[in-house]
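S.K.: Please find one structure pasted underneath; my questions will follow.
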Amino acid sequence: MRRLPLLCFSLCLAWAPAAAAAEQWRVAVAEVPGLAEANGTGPLPDLLRALDEQLPDIEFDLQITPFARTFHLLQNGQCEFQVPFLGSLPRLPAGLRYGSGRLWQVRFGLFTRRDNALGVAQLLDPAHVLSAERIAASGLAPDQQAQLQPLLGRSWRPDELQEQLAAPTVSPALRNLAYPYRVETDRAHAPWLGFPALSGNSIESSLQKLVRGRIDGYVFAVNETEHEIDRLGLREQLRAQDFGLYPVRWLVPDNPRGAHVDQRLASALRKLQAQPGFQRLQGPLDKPSSDWKPWP
């Protein structure tokens, strides 16, 4: 009779390694109010957990952290993939590439005070791009003009031009070459939106700067921004314009390991999309953004 407990114990020991064999993937999830909260709640963590269920040999460890830190985690090999990030942008953080799946789409808006006529066309006006002709007509000394040549083809804030010249102050000539607006976005998106945005620490802090006149505008996802606008009671002071509809993807390292992770994620997403409950998961992320209209 003693052999039966010993046999059960041996079987348990043999089974334990197999049960613990699931590979753990750390996932860098950007903390965004209304999308992914610091306590692990929100429609994005729900979607990721459902995606994980399609990978029985993988266990996701969701690391919900400030947006900018998610890139550092991925670039330093401290996680397997990062989410979310806008698709269709001209540049990406160094060493990273887009995944092949589309999770949902997101509408970005330009938020300004109602007494400010700044529009998207002005924000993206190619006349702000630094060109050789503009530099030549600036009145800057020849050595300073030469120092600005590496910056051709993009627009730059006054502080960025000042840093390039190692100048003690921003001269009137330099200011005339600089981008004329102070517009914030999330720190993680600042280099990628097609204009030299300022980095904001949070949606709330940027909105508070906006209503106080410290910045001219704020560009970010309309769902998450309006969530904060209504929480703070600022809707009557602001207006919103359409900045663009973007696919939302994940990022992986641009290496063979990243390619493997992307392949597994894309396969899991296809399985999840084929299930009846997928629209319920995607709906809070996708539909409100698609149906959004400018206001007031």
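By convention here, the chains of the structure tokens are called A, B, ... in the order presented, each chain's residues are numbered starting at 1, and ligands are numbered starting at 1 in the order presented.
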Quick one: residues within 10 Å of range 194-208 of chain A, only C-alpha atoms, excluding same-chain residues fewer than 6 positions away - as a JSON list (two decimals) with N, CA and C atoms, in the first residue's frame?
M.R.:
```json
[["chain", "number", "residue", "atom", "x", "y", "z"],
["A", 31, "GLU", "N", 1.44, 52.95, -20.14],
["A", 31, "GLU", "CA", 0.37, 53.38, -19.25],
["A", 31, "GLU", "C", -0.32, 54.60, -19.86],
["A", 32, "VAL", "N", -1.60, 54.44, -20.20],
["A", 32, "VAL", "CA", -2.39, 55.52, -20.80],
["A", 32, "VAL", "C", -3.75, 55.53, -20.12],
["A", 33, "PRO", "N", -4.16, 56.64, -19.50],
["A", 33, "PRO", "CA", -5.47, 56.68, -18.84],
["A", 33, "PRO", "C", -6.59, 56.30, -19.79],
["A", 66, "PRO", "N", 5.31, 53.98, -17.82],
["A", 66, "PRO", "CA", 5.21, 55.18, -18.67],
["A", 66, "PRO", "C", 5.68, 54.91, -20.09],
["A", 67, "PHE", "N", 5.04, 55.58, -21.04],
["A", 67, "PHE", "CA", 5.22, 55.30, -22.46],
["A", 67, "PHE", "C", 6.69, 55.28, -22.86],
["A", 68, "ALA", "N", 7.44, 56.33, -22.53],
["A", 68, "ALA", "CA", 8.82, 56.43, -23.00],
["A", 68, "ALA", "C", 9.68, 55.28, -22.49],
["A", 89, "LEU", "N", 4.16, 55.57, -39.37],
["A", 89, "LEU", "CA", 5.01, 56.72, -39.10],
["A", 89, "LEU", "C", 6.31, 56.60, -39.90],
["A", 90, "PRO", "N", 6.88, 57.73, -40.31],
["A", 90, "PRO", "CA", 8.07, 57.67, -41.17],
["A", 90, "PRO", "C", 9.32, 57.15, -40.47],
["A", 91, "ARG", "N", 9.40, 57.31, -39.15],
["A", 91, "ARG", "CA", 10.58, 56.86, -38.43],
["A", 91, "ARG", "C", 10.15, 56.11, -37.18],
["A", 111, "PHE", "N", -5.64, 69.46, -29.97],
["A", 111, "PHE", "CA", -6.46, 70.16, -28.98],
["A", 111, "PHE", "C", -5.85, 71.54, -28.71],
["A", 112, "THR", "N", -6.67, 72.57, -28.88],
["A", 112, "THR", "CA", -6.22, 73.95, -28.65],
["A", 112, "THR", "C", -7.26, 74.68, -27.82],
["A", 113, "ARG", "N", -6.89, 75.85, -27.32],
["A", 113, "ARG", "CA", -7.89, 76.70, -26.66],
["A", 113, "ARG", "C", -8.85, 77.24, -27.72],
["A", 123, "LEU", "N", 0.23, 73.53, -38.44],
["A", 123, "LEU", "CA", 1.14, 72.70, -37.64],
["A", 123, "LEU", "C", 2.11, 71.94, -38.53],
["A", 124, "LEU", "N", 1.61, 71.45, -39.67],
["A", 124, "LEU", "CA", 2.41, 70.60, -40.57],
["A", 124, "LEU", "C", 2.89, 71.34, -41.81],
["A", 125, "ASP", "N", 2.81, 72.65, -41.81],
["A", 125, "ASP", "CA", 3.18, 73.45, -42.98],
["A", 125, "ASP", "C", 4.65, 73.19, -43.35],
["A", 126, "PRO", "N", 4.92, 72.75, -44.59],
["A", 126, "PRO", "CA", 6.31, 72.49, -45.01],
["A", 126, "PRO", "C", 7.18, 73.74, -45.03],
["A", 128, "HIS", "N", 7.89, 75.40, -42.62],
["A", 128, "HIS", "CA", 8.68, 75.40, -41.39],
["A", 128, "HIS", "C", 9.94, 74.53, -41.50],
["A", 129, "VAL", "N", 10.03, 73.75, -42.56],
["A", 129, "VAL", "CA", 11.18, 72.85, -42.73],
["A", 129, "VAL", "C", 12.44, 73.67, -42.98],
["A", 154, "ARG", "N", 14.06, 68.98, -42.04],
["A", 154, "ARG", "CA", 13.09, 68.85, -40.95],
["A", 154, "ARG", "C", 12.90, 70.20, -40.31],
["A", 155, "SER", "N", 11.86, 70.33, -39.51],
["A", 155, "SER", "CA", 11.67, 71.55, -38.73],
["A", 155, "SER", "C", 12.17, 71.30, -37.32],
["A", 156, "TRP", "N", 12.60, 72.39, -36.66],
["A", 156, "TRP", "CA", 13.27, 72.26, -35.37],
["A", 156, "TRP", "C", 12.80, 73.35, -34.42],
["A", 157, "ARG", "N", 12.69, 73.02, -33.16],
["A", 157, "ARG", "CA", 12.34, 74.01, -32.15],
["A", 157, "ARG", "C", 13.51, 74.96, -31.92],
["A", 158, "PRO", "N", 13.25, 76.16, -31.36],
["A", 158, "PRO", "CA", 14.34, 77.10, -31.08],
["A", 158, "PRO", "C", 15.43, 76.50, -30.20],
["A", 160, "GLU", "N", 16.37, 73.45, -29.97],
["A", 160, "GLU", "CA", 17.17, 72.47, -30.71],
["A", 160, "GLU", "C", 18.19, 73.16, -31.62],
["A", 178, "ALA", "N", 13.27, 78.83, -36.73],
["A", 178, "ALA", "CA", 12.74, 77.78, -35.86],
["A", 178, "ALA", "C", 11.25, 77.57, -36.06],
["A", 179, "TYR", "N", 10.79, 76.41, -35.64],
["A", 179, "TYR", "CA", 9.37, 76.10, -35.65],
["A", 179, "TYR", "C", 8.66, 77.06, -34.70],
["A", 180, "PRO", "N", 7.54, 77.66, -35.14],
["A", 180, "PRO", "CA", 6.98, 78.77, -34.35],
["A", 180, "PRO", "C", 5.98, 78.38, -33.26],
["A", 181, "TYR", "N", 5.59, 77.10, -33.18],
["A", 181, "TYR", "CA", 4.53, 76.73, -32.24],
["A", 181, "TYR", "C", 5.06, 75.85, -31.11],
["A", 182, "ARG", "N", 4.42, 75.96, -29.96],
["A", 182, "ARG", "CA", 4.74, 75.11, -28.82],
["A", 182, "ARG", "C", 3.57, 74.13, -28.64],
["A", 183, "VAL", "N", 3.78, 72.92, -29.14],
["A", 183, "VAL", "CA", 2.74, 71.90, -29.10],
["A", 183, "VAL", "C", 3.31, 70.65, -28.45],
["A", 184, "GLU", "N", 2.60, 70.14, -27.47],
["A", 184, "GLU", "CA", 3.07, 68.96, -26.75],
["A", 184, "GLU", "C", 2.35, 67.71, -27.23],
["A", 185, "THR", "N", 3.00, 66.57, -27.00],
["A", 185, "THR", "CA", 2.40, 65.26, -27.13],
["A", 185, "THR", "C", 3.04, 64.38, -26.08],
["A", 186, "ASP", "N", 2.61, 63.12, -26.02],
["A", 186, "ASP", "CA", 3.25, 62.19, -25.12],
["A", 186, "ASP", "C", 4.74, 62.07, -25.46],
["A", 187, "ARG", "N", 5.56, 61.96, -24.43],
["A", 187, "ARG", "CA", 7.02, 61.92, -24.62],
["A", 187, "ARG", "C", 7.43, 60.86, -25.64],
["A", 188, "ALA", "N", 6.74, 59.73, -25.64],
["A", 188, "ALA", "CA", 7.12, 58.65, -26.54],
["A", 188, "ALA", "C", 6.84, 58.96, -28.00],
["A", 214, "ARG", "N", 0.39, 78.15, -21.64],
["A", 214, "ARG", "CA", 1.83, 77.89, -21.65],
["A", 214, "ARG", "C", 2.26, 77.13, -22.90],
["A", 215, "ILE", "N", 1.32, 76.45, -23.55],
["A", 215, "ILE", "CA", 1.59, 75.82, -24.84],
["A", 215, "ILE", "C", 0.45, 76.18, -25.79],
["A", 217, "GLY", "N", -0.86, 74.00, -28.17],
["A", 217, "GLY", "CA", -1.71, 72.87, -28.52],
["A", 217, "GLY", "C", -1.19, 71.58, -27.93],
["A", 218, "TYR", "N", -2.03, 70.55, -28.06],
["A", 218, "TYR", "CA", -1.68, 69.22, -27.58],
["A", 218, "TYR", "C", -2.20, 68.22, -28.60],
["A", 219, "VAL", "N", -1.35, 67.27, -29.01],
["A", 219, "VAL", "CA", -1.72, 66.24, -29.97],
["A", 219, "VAL", "C", -1.61, 64.88, -29.32],
["A", 220, "PHE", "N", -2.71, 64.15, -29.32],
["A", 220, "PHE", "CA", -2.69, 62.79, -28.77],
["A", 220, "PHE", "C", -3.98, 62.08, -29.14],
["A", 221, "ALA", "N", -4.10, 60.82, -28.72],
["A", 221, "ALA", "CA", -5.28, 60.01, -29.02],
["A", 221, "ALA", "C", -6.53, 60.66, -28.45],
["A", 224, "GLU", "N", -8.38, 58.88, -25.20],
["A", 224, "GLU", "CA", -7.71, 59.03, -23.91],
["A", 224, "GLU", "C", -7.65, 60.50, -23.49],
["A", 225, "THR", "N", -7.46, 61.41, -24.46],
["A", 225, "THR", "CA", -7.39, 62.83, -24.13],
["A", 225, "THR", "C", -8.75, 63.34, -23.66],
["A", 226, "GLU", "N", -9.82, 62.96, -24.36],
["A", 226, "GLU", "CA", -11.14, 63.42, -23.95],
["A", 226, "GLU", "C", -11.56, 62.82, -22.61],
["A", 227, "HIS", "N", -11.08, 61.63, -22.33],
["A", 227, "HIS", "CA", -11.32, 61.03, -21.00],
["A", 227, "HIS", "C", -10.81, 61.97, -19.91],
["A", 228, "GLU", "N", -9.61, 62.51, -20.11],
["A", 228, "GLU", "CA", -9.02, 63.43, -19.14],
["A", 228, "GLU", "C", -9.67, 64.81, -19.19],
["A", 229, "ILE", "N", -10.01, 65.27, -20.39],
["A", 229, "ILE", "CA", -10.68, 66.58, -20.52],
["A", 229, "ILE", "C", -11.98, 66.60, -19.72],
["A", 231, "ARG", "N", -12.82, 64.52, -17.28],
["A", 231, "ARG", "CA", -12.54, 64.34, -15.86],
["A", 231, "ARG", "C", -12.15, 65.66, -15.20],
["A", 232, "LEU", "N", -11.42, 66.49, -15.95],
["A", 232, "LEU", "CA", -10.95, 67.77, -15.43],
["A", 232, "LEU", "C", -11.94, 68.91, -15.65],
["A", 234, "LEU", "N", -12.74, 70.47, -18.62],
["A", 234, "LEU", "CA", -12.11, 71.49, -19.46],
["A", 234, "LEU", "C", -12.75, 71.62, -20.84],
["A", 238, "LEU", "N", -11.85, 74.31, -24.56],
["A", 238, "LEU", "CA", -11.00, 73.75, -25.61],
["A", 238, "LEU", "C", -11.79, 73.43, -26.87]]
```
S.K.: For Val261 in chain A, find every residue with an atom within 9 Å (counting only C-alpha atoms), except residues of its own chain fewer than 2 positions away, and show them as number ranges by chain.
M.R.: A: 80-81, 99, 252, 256-259, 263-266
S.K.: Output N, CA, C and O atoms for every residue in the selection just made, as a PDB file, in the first residue's frame.
M.R.:
```
ATOM      1  N   GLU A  80       9.840  41.320 -24.548  1.00  0.00           N
ATOM      2  CA  GLU A  80       9.736  40.678 -25.850  1.00  0.00           C
ATOM      3  C   GLU A  80       9.093  41.588 -26.906  1.00  0.00           C
ATOM      4  O   GLU A  80       9.436  41.528 -28.083  1.00  0.00           O
ATOM      5  N   PHE A  81       8.115  42.391 -26.475  1.00  0.00           N
ATOM      6  CA  PHE A  81       7.507  43.333 -27.409  1.00  0.00           C
ATOM      7  C   PHE A  81       6.902  44.492 -26.644  1.00  0.00           C
ATOM      8  O   PHE A  81       6.727  44.427 -25.423  1.00  0.00           O
ATOM      9  N   GLY A  99       5.496  45.284 -35.746  1.00  0.00           N
ATOM     10  CA  GLY A  99       4.964  43.950 -35.902  1.00  0.00           C
ATOM     11  C   GLY A  99       4.006  43.907 -37.070  1.00  0.00           C
ATOM     12  O   GLY A  99       3.588  44.942 -37.602  1.00  0.00           O
ATOM     13  N   VAL A 252       8.691  45.217 -32.074  1.00  0.00           N
ATOM     14  CA  VAL A 252       9.601  44.150 -31.672  1.00  0.00           C
ATOM     15  C   VAL A 252      11.021  44.570 -32.019  1.00  0.00           C
ATOM     16  O   VAL A 252      11.224  45.468 -32.844  1.00  0.00           O
ATOM     17  N   PRO A 256      16.484  38.543 -35.282  1.00  0.00           N
ATOM     18  CA  PRO A 256      15.788  37.259 -35.442  1.00  0.00           C
ATOM     19  C   PRO A 256      14.829  36.931 -34.299  1.00  0.00           C
ATOM     20  O   PRO A 256      13.760  36.352 -34.541  1.00  0.00           O
ATOM     21  N   ARG A 257      15.191  37.272 -33.069  1.00  0.00           N
ATOM     22  CA  ARG A 257      14.284  37.009 -31.952  1.00  0.00           C
ATOM     23  C   ARG A 257      12.994  37.809 -32.120  1.00  0.00           C
ATOM     24  O   ARG A 257      11.896  37.290 -31.898  1.00  0.00           O
ATOM     25  N   GLY A 258      13.124  39.071 -32.527  1.00  0.00           N
ATOM     26  CA  GLY A 258      11.941  39.887 -32.763  1.00  0.00           C
ATOM     27  C   GLY A 258      11.066  39.315 -33.861  1.00  0.00           C
ATOM     28  O   GLY A 258       9.834  39.343 -33.767  1.00  0.00           O
ATOM     29  N   ALA A 259      11.697  38.777 -34.912  1.00  0.00           N
ATOM     30  CA  ALA A 259      10.933  38.174 -36.001  1.00  0.00           C
ATOM     31  C   ALA A 259      10.145  36.965 -35.511  1.00  0.00           C
ATOM     32  O   ALA A 259       8.992  36.743 -35.909  1.00  0.00           O
ATOM     33  N   GLN A 263       6.052  36.651 -35.398  1.00  0.00           N
ATOM     34  CA  GLN A 263       5.362  35.550 -36.072  1.00  0.00           C
ATOM     35  C   GLN A 263       4.365  34.879 -35.133  1.00  0.00           C
ATOM     36  O   GLN A 263       3.220  34.599 -35.520  1.00  0.00           O
ATOM     37  N   ARG A 264       4.777  34.637 -33.876  1.00  0.00           N
ATOM     38  CA  ARG A 264       3.872  33.998 -32.919  1.00  0.00           C
ATOM     39  C   ARG A 264       2.696  34.919 -32.578  1.00  0.00           C
ATOM     40  O   ARG A 264       1.549  34.465 -32.471  1.00  0.00           O
ATOM     41  N   LEU A 265       2.966  36.206 -32.407  1.00  0.00           N
ATOM     42  CA  LEU A 265       1.899  37.147 -32.079  1.00  0.00           C
ATOM     43  C   LEU A 265       0.900  37.280 -33.218  1.00  0.00           C
ATOM     44  O   LEU A 265      -0.317  37.313 -32.999  1.00  0.00           O
ATOM     45  N   ALA A 266       1.407  37.357 -34.457  1.00  0.00           N
ATOM     46  CA  ALA A 266       0.512  37.503 -35.611  1.00  0.00           C
ATOM     47  C   ALA A 266      -0.392  36.285 -35.746  1.00  0.00           C
ATOM     48  O   ALA A 266      -1.589  36.416 -36.052  1.00  0.00           O
TER      49      ALA A 266
END
```
S.K.: Any idea what's packed within 6 Å of Leu96 in chain A, counting only C-alpha atoms, ignoring anything in its chain fewer than 3 positions away? Could you give it as a list in words?
M.R.: Pro93, Val252, Pro253 and Asp254 of chain A
S.K.: Report the distance between CA of Val27 in chain A and CA of Leu62 in chain A in Å, rounded to one decimal place.
M.R.: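 Separation of CA of Val27 in chain A and CA of Leu62 in chain A: 4.9 Å.
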S.K.: Taking only range 77-235 of chain A into account, list the residues labelled strand (DSSP E or B) by DSSP (computed from the backbone), as number ranges by chain.
M.R.: A: 81-86, 96-98, 104-113, 183-186, 198-200, 217-221
S.K.: Identify, with DSSP run on backbone atoms, the residues in range 51-201 of chain A assigned to helix (DSSP H, G or I), and express the list as an NGL selection string.
M.R.: :A and (51-52 or 67-75 or 120-123 or 126-128 or 132-136 or 142-151 or 158-165 or 172-177)
S.K.: Please identify all polymer residues within 10 Å of Gln164 in chain A, counting only C-alpha atoms, omitting same-chain residues fewer than 4 positions from it, and present them as a list in words.
M.R.: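 Near neighbours after the sequence-gap exclusion: Gln144, Gln147, Leu148, Pro150, Leu151, Pro158, Asp159 and Glu160 of chain A.
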S.K.: Can you work out the spacing between CA of Pro191 in chain A and CA of Leu51 in chain A in Å, to one decimal?
M.R.: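 Calculated distance between CA of Pro191 in chain A and CA of Leu51 in chain A is 29.5 Å.
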S.K.: Env of Asp52 in chain A: 10 Å cut, atoms = only C-alpha atoms, seq-sep filter 4 positions within chain, self excluded. Answer as a tab-separated table (two decimals) with N, CA, C and O atoms, in the first residue's frame.
M.R.:
```tsv
chain	number	residue	atom	x	y	z
A	25	TRP	N	6.98	35.76	-21.37
A	25	TRP	CA	7.33	36.93	-22.15
A	25	TRP	C	6.94	38.18	-21.38
A	25	TRP	O	5.77	38.36	-21.02
A	46	ASP	N	-6.87	43.82	-21.23
A	46	ASP	CA	-7.85	42.76	-21.50
A	46	ASP	C	-7.58	42.10	-22.85
A	46	ASP	O	-7.65	40.88	-22.98
A	47	LEU	N	-7.28	42.92	-23.87
A	47	LEU	CA	-6.99	42.38	-25.19
A	47	LEU	C	-5.72	41.53	-25.17
A	47	LEU	O	-5.65	40.46	-25.78
A	48	LEU	N	-4.70	42.00	-24.46
A	48	LEU	CA	-3.44	41.26	-24.40
A	48	LEU	C	-3.61	39.92	-23.67
A	48	LEU	O	-3.02	38.92	-24.07
A	56	PRO	N	-0.73	28.87	-25.71
A	56	PRO	CA	-0.71	28.07	-24.48
A	56	PRO	C	0.69	27.80	-23.93
A	56	PRO	O	0.83	27.51	-22.73
A	57	ASP	N	1.70	27.91	-24.75
A	57	ASP	CA	3.07	27.68	-24.29
A	57	ASP	C	3.76	28.97	-23.85
A	57	ASP	O	4.94	28.95	-23.49
A	58	ILE	N	3.03	30.09	-23.90
A	58	ILE	CA	3.60	31.39	-23.54
A	58	ILE	C	2.76	32.00	-22.44
A	58	ILE	O	1.53	31.94	-22.45
A	59	GLU	N	3.43	32.64	-21.49
A	59	GLU	CA	2.74	33.38	-20.43
A	59	GLU	C	3.21	34.83	-20.46
A	59	GLU	O	4.40	35.11	-20.32
A	60	PHE	N	2.26	35.75	-20.68
A	60	PHE	CA	2.60	37.17	-20.72
A	60	PHE	C	2.75	37.72	-19.30
A	60	PHE	O	1.92	37.46	-18.43
A	61	ASP	N	3.79	38.50	-19.10
A	61	ASP	CA	3.98	39.28	-17.87
A	61	ASP	C	3.86	40.74	-18.27
A	61	ASP	O	4.80	41.32	-18.82
A	265	LEU	N	2.97	36.21	-32.41
A	265	LEU	CA	1.90	37.15	-32.08
A	265	LEU	C	0.90	37.28	-33.22
A	265	LEU	O	-0.32	37.31	-33.00
A	268	ALA	N	-1.33	34.29	-33.28
A	268	ALA	CA	-2.28	34.35	-32.17
A	268	ALA	C	-3.38	35.37	-32.44
A	268	ALA	O	-4.56	35.13	-32.12
A	269	LEU	N	-3.02	36.51	-33.04
A	269	LEU	CA	-4.02	37.53	-33.32
A	269	LEU	C	-5.03	37.04	-34.36
A	269	LEU	O	-6.23	37.29	-34.24
A	272	LEU	N	-7.45	34.86	-32.59
A	272	LEU	CA	-8.35	35.64	-31.73
A	272	LEU	C	-9.39	36.39	-32.57
A	272	LEU	O	-10.57	36.46	-32.20
```
S.K.: May I have the residues within 9 Å of Leu285 in chain A as a VMD selection string, using only C-alpha atoms and disregarding those fewer than 5 positions away in the same chain?
M.R.: chain A and resid 35 43 to 44 103 to 106 223
